[in-house]
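Colleague: Contents of data_29.cif (mmCIF, C-alpha atoms and all ligand atoms) are below:
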```
data_query
loop_
_atom_site.group_PDB
_atom_site.id
_atom_site.type_symbol
_atom_site.label_atom_id
_atom_site.label_comp_id
_atom_site.auth_asym_id
_atom_site.auth_seq_id
_atom_site.Cartn_x
_atom_site.Cartn_y
_atom_site.Cartn_z
ATOM 1 C CA MET A 14 -115.866 -43.835 241.997
ATOM 2 C CA LYS A 15 -115.594 -46.063 245.043
ATOM 3 C CA SER A 16 -115.039 -49.808 244.886
ATOM 4 C CA PHE A 17 -117.909 -52.279 244.775
ATOM 5 C CA ASP A 18 -117.283 -53.279 248.395
ATOM 6 C CA GLU A 19 -117.259 -49.666 249.561
ATOM 7 C CA TYR A 20 -120.544 -48.909 247.801
ATOM 8 C CA LEU A 21 -122.078 -52.109 249.150
ATOM 9 C CA HIS A 22 -121.096 -51.061 252.651
ATOM 10 C CA ASP A 23 -122.635 -47.603 252.148
ATOM 11 C CA ALA A 24 -125.782 -49.215 250.704
ATOM 12 C CA GLU A 25 -126.121 -51.581 253.646
ATOM 13 C CA ILE A 26 -125.993 -48.679 256.087
ATOM 14 C CA ALA A 27 -128.447 -46.524 254.121
ATOM 15 C CA HIS A 28 -130.886 -49.393 253.508
ATOM 16 C CA GLY A 29 -130.695 -50.929 256.960
ATOM 17 C CA HIS A 30 -129.612 -54.407 255.930
ATOM 18 C CA LEU A 31 -127.521 -56.292 253.430
ATOM 19 C CA CYS A 32 -129.551 -58.209 250.860
ATOM 20 C CA ALA A 33 -129.471 -59.469 247.282
ATOM 21 C CA GLY A 34 -131.205 -56.252 246.234
ATOM 22 C CA GLN A 35 -128.284 -54.183 247.520
ATOM 23 C CA VAL A 36 -125.807 -56.244 245.503
ATOM 24 C CA LEU A 37 -128.024 -55.953 242.421
ATOM 25 C CA GLY A 38 -128.618 -52.231 242.845
ATOM 26 C CA VAL A 39 -124.950 -51.389 243.447
ATOM 27 C CA ARG A 40 -123.880 -53.375 240.389
ATOM 28 C CA MET A 41 -126.658 -51.872 238.248
ATOM 29 C CA ALA A 42 -125.728 -48.310 239.184
ATOM 30 C CA MET A 43 -121.979 -48.905 238.841
ATOM 31 C CA LEU A 44 -122.540 -50.350 235.374
ATOM 32 C CA GLY A 45 -124.676 -47.360 234.393
ATOM 33 C CA LEU A 46 -122.021 -44.901 235.564
ATOM 34 C CA GLU A 47 -119.290 -46.864 233.847
ATOM 35 C CA LYS A 48 -121.184 -46.937 230.538
ATOM 36 C CA LEU A 49 -121.749 -43.181 230.754
ATOM 37 C CA GLY A 50 -118.139 -42.569 231.774
ATOM 38 C CA LEU A 51 -119.139 -40.725 234.956
ATOM 39 C CA GLU A 52 -116.459 -41.191 237.563
ATOM 40 C CA ASP A 53 -117.499 -38.892 240.351
ATOM 41 C CA PRO A 54 -121.311 -38.974 240.595
ATOM 42 C CA ARG A 55 -121.406 -37.544 244.129
ATOM 43 C CA GLY A 56 -118.759 -34.892 243.489
ATOM 44 C CA ARG A 57 -117.619 -33.360 240.226
ATOM 45 C CA ASP A 58 -120.374 -35.026 238.117
ATOM 46 C CA ARG A 59 -123.174 -34.569 240.632
ATOM 47 C CA LYS A 60 -125.252 -32.192 238.497
ATOM 48 C CA ARG A 61 -124.970 -34.273 235.349
ATOM 49 C CA LEU A 62 -126.949 -37.331 236.292
ATOM 50 C CA VAL A 63 -130.673 -38.054 236.453
ATOM 51 C CA THR A 64 -131.725 -41.615 237.290
ATOM 52 C CA PHE A 65 -135.111 -43.168 236.603
ATOM 53 C CA VAL A 66 -136.029 -46.165 238.759
ATOM 54 C CA GLU A 67 -138.886 -48.471 237.832
ATOM 55 C CA ILE A 68 -139.545 -50.265 241.112
ATOM 56 C CA ASP A 69 -139.713 -49.410 244.810
ATOM 57 C CA ARG A 70 -137.739 -52.307 246.188
ATOM 58 C CA CYS A 71 -134.435 -52.918 247.972
ATOM 59 C CA ALA A 72 -132.265 -52.331 244.904
ATOM 60 C CA THR A 73 -133.697 -48.839 244.431
ATOM 61 C CA ASP A 74 -132.071 -47.668 247.663
ATOM 62 C CA ALA A 75 -128.687 -48.940 246.488
ATOM 63 C CA VAL A 76 -129.078 -47.175 243.134
ATOM 64 C CA ALA A 77 -129.685 -43.923 244.998
ATOM 65 C CA VAL A 78 -126.625 -44.449 247.214
ATOM 66 C CA VAL A 79 -124.228 -45.096 244.326
ATOM 67 C CA THR A 80 -125.547 -42.405 241.974
ATOM 68 C CA GLY A 81 -126.184 -39.809 244.673
ATOM 69 C CA CYS A 82 -129.504 -39.158 242.897
ATOM 70 C CA ARG A 83 -132.241 -38.383 245.407
ATOM 71 C CA LEU A 84 -135.960 -37.774 245.161
ATOM 72 C CA GLY A 85 -135.571 -34.538 247.113
ATOM 73 C CA LYS A 86 -133.029 -33.249 244.623
ATOM 74 C CA ARG A 87 -135.311 -34.172 241.721
ATOM 75 C CA ALA A 88 -132.475 -36.247 240.297
ATOM 76 C CA LEU A 89 -134.193 -39.537 241.144
ATOM 77 C CA LYS A 90 -137.353 -40.146 239.132
ATOM 78 C CA PHE A 91 -139.723 -42.916 240.147
ATOM 79 C CA ARG A 92 -141.812 -44.640 237.501
ATOM 80 C CA ASP A 93 -143.991 -47.209 239.241
ATOM 81 C CA TRP A 94 -143.743 -49.970 236.641
ATOM 82 C CA GLY A 95 -142.863 -52.847 238.940
ATOM 83 C CA LYS A 96 -139.739 -53.629 236.923
ATOM 84 C CA MET A 97 -136.225 -54.211 238.194
ATOM 85 C CA ALA A 98 -134.706 -51.625 235.897
ATOM 86 C CA ALA A 99 -133.204 -48.159 235.927
ATOM 87 C CA THR A 100 -132.204 -45.592 233.337
ATOM 88 C CA PHE A 101 -129.152 -43.409 233.864
ATOM 89 C CA ALA A 102 -129.213 -40.149 231.911
ATOM 90 C CA ASP A 103 -126.258 -37.813 231.474
ATOM 91 C CA LEU A 104 -127.674 -34.292 231.163
ATOM 92 C CA GLU A 105 -124.403 -32.939 229.789
ATOM 93 C CA THR A 106 -123.988 -35.276 226.832
ATOM 94 C CA GLY A 107 -127.632 -36.303 226.394
ATOM 95 C CA ARG A 108 -126.617 -39.954 226.535
ATOM 96 C CA ALA A 109 -128.753 -42.382 228.530
ATOM 97 C CA ILE A 110 -128.650 -46.083 229.212
ATOM 98 C CA ARG A 111 -131.412 -48.321 230.523
ATOM 99 C CA ILE A 112 -130.316 -51.357 232.487
ATOM 100 C CA SER A 113 -132.681 -54.117 233.520
ATOM 101 C CA ALA A 114 -132.050 -57.256 235.548
ATOM 102 C CA LYS A 115 -132.485 -60.419 233.517
ATOM 103 C CA GLU A 116 -135.192 -62.813 234.694
ATOM 104 C CA SER A 117 -132.800 -65.658 233.918
ATOM 105 C CA SER A 118 -130.374 -64.432 236.604
ATOM 106 C CA LYS A 119 -132.500 -66.067 239.336
ATOM 107 C CA GLU A 120 -132.271 -69.482 237.715
ATOM 108 C CA LEU A 121 -128.579 -68.952 237.083
ATOM 109 C CA ALA A 122 -128.089 -68.132 240.780
ATOM 110 C CA ARG A 123 -129.713 -71.487 241.633
ATOM 111 C CA GLN A 124 -127.374 -73.297 239.280
ATOM 112 C CA MET A 125 -124.295 -71.476 240.572
ATOM 113 C CA HIS A 126 -124.990 -72.144 244.238
ATOM 114 C CA PRO A 127 -127.329 -75.113 244.714
ATOM 115 C CA GLU A 128 -125.585 -75.765 248.038
ATOM 116 C CA ILE A 129 -127.051 -72.591 249.561
ATOM 117 C CA GLU A 130 -130.610 -73.208 250.710
ATOM 118 C CA SER A 131 -131.692 -69.656 251.408
ATOM 119 C CA LYS A 132 -132.734 -67.991 248.150
ATOM 120 C CA GLY A 133 -131.703 -64.583 249.424
ATOM 121 C CA LYS A 134 -128.204 -65.732 250.364
ATOM 122 C CA GLN A 135 -127.885 -67.715 247.161
ATOM 123 C CA GLN A 136 -128.727 -64.651 245.076
ATOM 124 C CA MET A 137 -126.608 -62.350 247.208
ATOM 125 C CA LEU A 138 -123.503 -64.418 246.468
ATOM 126 C CA ALA A 139 -124.331 -65.269 242.847
ATOM 127 C CA TYR A 140 -125.157 -61.648 241.964
ATOM 128 C CA ARG A 141 -121.666 -60.686 243.135
ATOM 129 C CA GLU A 142 -119.995 -63.337 241.005
ATOM 130 C CA MET A 143 -122.115 -63.267 237.852
ATOM 131 C CA SER A 144 -120.884 -61.459 234.750
ATOM 132 C CA ALA A 145 -122.643 -58.201 233.916
ATOM 133 C CA ASP A 146 -123.972 -59.837 230.744
ATOM 134 C CA ASP A 147 -125.568 -62.662 232.697
ATOM 135 C CA LEU A 148 -127.077 -60.252 235.186
ATOM 136 C CA PHE A 149 -128.280 -57.357 233.041
ATOM 137 C CA SER A 150 -129.673 -56.274 229.701
ATOM 138 C CA THR A 151 -128.514 -52.837 228.589
ATOM 139 C CA GLU A 152 -129.917 -50.506 225.978
ATOM 140 C CA TRP A 153 -128.899 -47.007 224.913
ATOM 141 C CA VAL A 154 -131.981 -44.774 224.948
ATOM 142 C CA ILE A 155 -133.079 -41.173 224.607
ATOM 143 C CA VAL A 156 -134.640 -39.519 227.640
ATOM 144 C CA GLU A 157 -136.509 -36.316 226.941
ATOM 145 C CA LEU A 158 -136.863 -34.282 230.096
ATOM 146 C CA ASN A 159 -139.186 -31.294 230.185
ATOM 147 C CA PRO A 160 -137.518 -28.134 231.523
ATOM 148 C CA TRP A 161 -139.795 -28.283 234.584
ATOM 149 C CA ASP A 162 -138.629 -31.828 235.347
ATOM 150 C CA MET A 163 -134.980 -30.818 235.489
ATOM 151 C CA PRO A 164 -133.274 -30.599 238.885
ATOM 152 C CA GLY A 165 -133.045 -26.976 239.971
ATOM 153 C CA TYR A 166 -135.998 -25.785 237.857
ATOM 154 C CA LYS A 167 -137.512 -22.588 239.193
ATOM 155 C CA GLY A 168 -141.101 -21.926 238.251
ATOM 156 C CA PRO A 169 -144.293 -20.429 239.597
ATOM 157 C CA ARG A 170 -146.485 -22.110 242.168
ATOM 158 C CA ILE A 171 -150.125 -22.256 241.139
ATOM 159 C CA ALA A 172 -152.979 -22.417 243.642
ATOM 160 C CA CYS A 173 -155.607 -25.108 243.158
ATOM 161 C CA ALA A 174 -159.015 -23.498 242.569
ATOM 162 C CA ALA A 175 -160.721 -26.112 244.765
ATOM 163 C CA CYS A 176 -158.488 -26.769 247.798
ATOM 164 C CA GLY A 177 -156.239 -23.725 247.607
ATOM 165 C CA GLU A 178 -153.018 -25.712 248.018
ATOM 166 C CA GLY A 179 -149.987 -24.708 245.965
ATOM 167 C CA ILE A 180 -148.867 -26.803 242.991
ATOM 168 C CA SER A 181 -145.328 -26.744 241.581
ATOM 169 C CA PHE A 182 -143.702 -28.017 238.410
ATOM 170 C CA GLN A 183 -146.714 -27.721 236.101
ATOM 171 C CA ARG A 184 -148.566 -30.608 237.728
ATOM 172 C CA GLU A 185 -151.861 -28.692 237.710
ATOM 173 C CA ILE A 186 -154.776 -29.806 235.522
ATOM 174 C CA GLU A 187 -157.192 -27.560 233.620
ATOM 175 C CA ARG A 188 -160.751 -28.816 234.029
ATOM 176 C CA GLU A 189 -163.788 -26.839 232.782
ATOM 177 C CA GLY A 190 -161.906 -23.595 232.995
ATOM 178 C CA LYS A 191 -160.560 -24.283 236.495
ATOM 179 C CA THR A 192 -156.998 -24.971 237.521
ATOM 180 C CA LEU A 193 -156.997 -27.986 239.819
ATOM 181 C CA CYS A 194 -154.497 -30.126 241.673
ATOM 182 C CA ARG A 195 -154.476 -33.807 240.786
ATOM 183 C CA GLY A 196 -156.313 -34.732 243.971
ATOM 184 C CA CYS A 197 -159.190 -32.361 243.282
ATOM 185 C CA ALA A 198 -159.219 -33.403 239.620
ATOM 186 C CA GLY A 199 -160.079 -36.940 240.679
ATOM 187 C CA GLU A 200 -156.679 -38.601 240.714
ATOM 188 C CA GLY A 201 -156.562 -38.796 244.494
ATOM 189 C CA TYR A 202 -154.986 -41.736 246.308
ATOM 190 C CA TYR A 203 -156.961 -40.897 249.453
ATOM 191 C CA LYS A 204 -160.506 -39.944 250.361
ATOM 192 C CA PRO A 205 -161.552 -37.587 253.136
ATOM 193 C CA LEU A 206 -162.722 -39.459 256.239
ATOM 194 C CA LYS A 207 -166.385 -38.591 256.653
HETATM 195 ZN ZN ZN B 1 -133.197 -55.161 251.276
HETATM 196 ZN ZN ZN B 2 -156.824 -29.181 245.042
#
```
Please go through the file and, once you have read it, give me the structure as structure tokens.
Ligand SMILES: [Zn+2]
Ligand SMILES: [Zn+2]
Modeller:
Amino acid sequence: MKSFDEYLHDAEIAHGHLCAGQVLGVRMAMLGLEKLGLEDPRGRDRKRLVTFVEIDRCATDAVAVVTGCRLGKRALKFRDWGKMAATFADLETGRAIRISAKESSKELARQMHPEIESKGKQQMLAYREMSADDLFSTEWVIVELNPWDMPGYKGPRIACAACGEGISFQREIEREGKTLCRGCAGEGYYKPLK
């Protein structure tokens, strides 16, 4: 594992700027790895870890940098819950820990550094200095991953009966005897321009 400052530097480059979210995300991921006892997430342990993130904000990028878990490797799972939390799951031992940022940490940052006017800068400094207990709640959990949600899963591609596009990882839906993609089954996030 690298040092906090090294990870923060990597996170700043990957994310495009340094912010309180980078500090939070680096600390969250380092704590998760530490609790799981994973020392080399981007090397020796790189196939052991799956990380679930619950928000698409700054900190999420830092979590990906530290853990090495990426969407394209299927090791980063996004659950759009709007919560500043992540769960780190060790596929080898079956152990998993969910870590969430405490709401109270914002108020604590104000108390620690009232002299800093900018909220972002105040939090950036305070989140470095705060104890892990003041910053995070942690909980050991069980994560049950379907075989087709595992990184490296090889399975058939099914064609949607309506649009003909291929669907991987068992994301197809059976509707009135037809196999449909989620878009054609009515879950679309877009509409054709007519
Ligand atoms: Zn940011
Ligand atoms: Zn379709």
Colleague: Under the PyMOL selection byres (((chain A and resi 93-104) around 9) and not hetatm), which residues of this model are included? Write them out as an MDAnalysis selection string.
Modeller: chainID A and resid 41:42 45:46 49 51 60:70 72:73 76 80 91:92 105:115 154:156
Colleague: Compile the contact shell of Leu138 of chain A as a list in words: residues with an atom at most 12 Å away, counting all atoms listed in the file, same-chain residues fewer than 6 positions apart removed.
Modeller: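 My reading of the contact set: Leu31, Cys32, Ala33, Gly34, Gln35, Val36, Leu37, Lys119, Leu121, Ala122, Arg123, Met125, His126, Pro127, Glu128, Ile129, Ser131 and Lys132 of chain A.
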Colleague: Would you list the residues that come within 7 Å of ligand ZN 2 (chain B)? Count only C-alpha atoms and all ligand atoms and give the answer as a list in words.
Modeller: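 Those residues are Cys173, Ala174, Ala175, Cys176, Gly177, Glu178, Leu193, Cys194, Arg195, Gly196 and Cys197 of chain A.
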Colleague: Taking only C-alpha atoms and all ligand atoms into account, name the residue in A:Met163, A:Val79, A:Leu206, A:Met137 that is nearest to ligand ZN 1 (chain B).
Modeller: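 Of all the options, A:Met137 lies closest to ligand ZN 1 (chain B).
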Colleague: For atom CA of Glu187 of chain A and atom CA of Asn159 of chain A, quote the distance in Å rounded to one decimal.
Modeller: 18.7 Å
Colleague: Write out as number ranges by chain each polymer residue whose atoms come within 10 Å of Asp162 of chain A, counting all atoms listed in the file; drop sequence neighbours fewer than 2 positions from it.
Modeller: A: 87-88, 90, 157-160, 164-166, 182-183
Colleague: Quick check, in Å to one decimal: how far apart do atom CA of Glu19 of chain A and atom ZN of ligand ZN 1 (chain B) lie?
Modeller: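 One can read the atom CA of Glu19 of chain A to atom ZN of ligand ZN 1 (chain B) distance as 16.9 Å.
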Colleague: Check the smallest atom-to-atom distance from each of A:Leu84, A:Ala27, A:Ala139, A:Cys71 to ligand ZN 1 (chain B) using only C-alpha atoms and all ligand atoms, then report the winner.
Modeller: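 Looking only at the distances to ligand ZN 1 (chain B), the closest residue turns out to be A:Cys71.
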Colleague: Work out how far apart atom CA of Leu148 of chain A and atom CA of Ser118 of chain A are and give it in Å to one decimal.
Modeller: 5.5 Å
Colleague: Rank nothing, just name the residue among A:Arg184, A:Lys204, A:Lys134, A:Arg141 nearest to Gly38 of chain A, using all atoms listed in the file.
Modeller: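 So, comparing all the options, the nearest one is A:Arg141.
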Colleague: Which centre and which edge lengths, in Å to one decimal, describe the axis-aligned box that holds all listed atoms of segment 164-177 of chain A after 3 Å is added on each side, as JSON?
Modeller:
```
{"center_x": -146.9, "center_y": -25.5, "center_z": 242.8, "size_x": 33.7, "size_y": 16.2, "size_z": 15.9}
```
Colleague: Please provide the set of residues having any atom within 8 Å of Met14 of chain A, restricted to only C-alpha atoms, with same-chain residues fewer than 3 positions apart removed, written as a list in words.
Modeller: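 Once the adjacent positions are removed, what remains is Glu52, Asp53 and Pro54 of chain A.
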Colleague: Could you spell out the hits of the PyMOL selection byres (((chain A and resi 170) around 8) and not hetatm) on the shown file, as a list in words?
Modeller: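 For this structure, the PyMOL selection byres (((chain A and resi 170) around 8) and not hetatm) resolves to Gly168, Pro169, Ile171, Ala172, Gly179, Ile180, Ser181 and Phe182 of chain A.
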Colleague: Which residue out of A:His22, A:Lys48, A:Lys15, A:His28 has the minimum interatomic distance to ligand ZN 1 (chain B) when only C-alpha atoms and all ligand atoms are used?
Modeller: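 That would be A:His28, the residue with the smallest distance to ligand ZN 1 (chain B).
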Colleague: Have a look at A:Asp23, A:Arg59, A:Gly133, A:Gly50 and name the one nearest to ligand ZN 1 (chain B); count only C-alpha atoms and all ligand atoms.
Modeller: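 Checking each candidate against ligand ZN 1 (chain B), we get A:Gly133 as the closest.
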Colleague: Could you check which of A:Lys167, A:Arg83, A:His30, A:Arg40 is closest to Ser16 of chain A, using all atoms listed in the file?
Modeller: A:Arg40
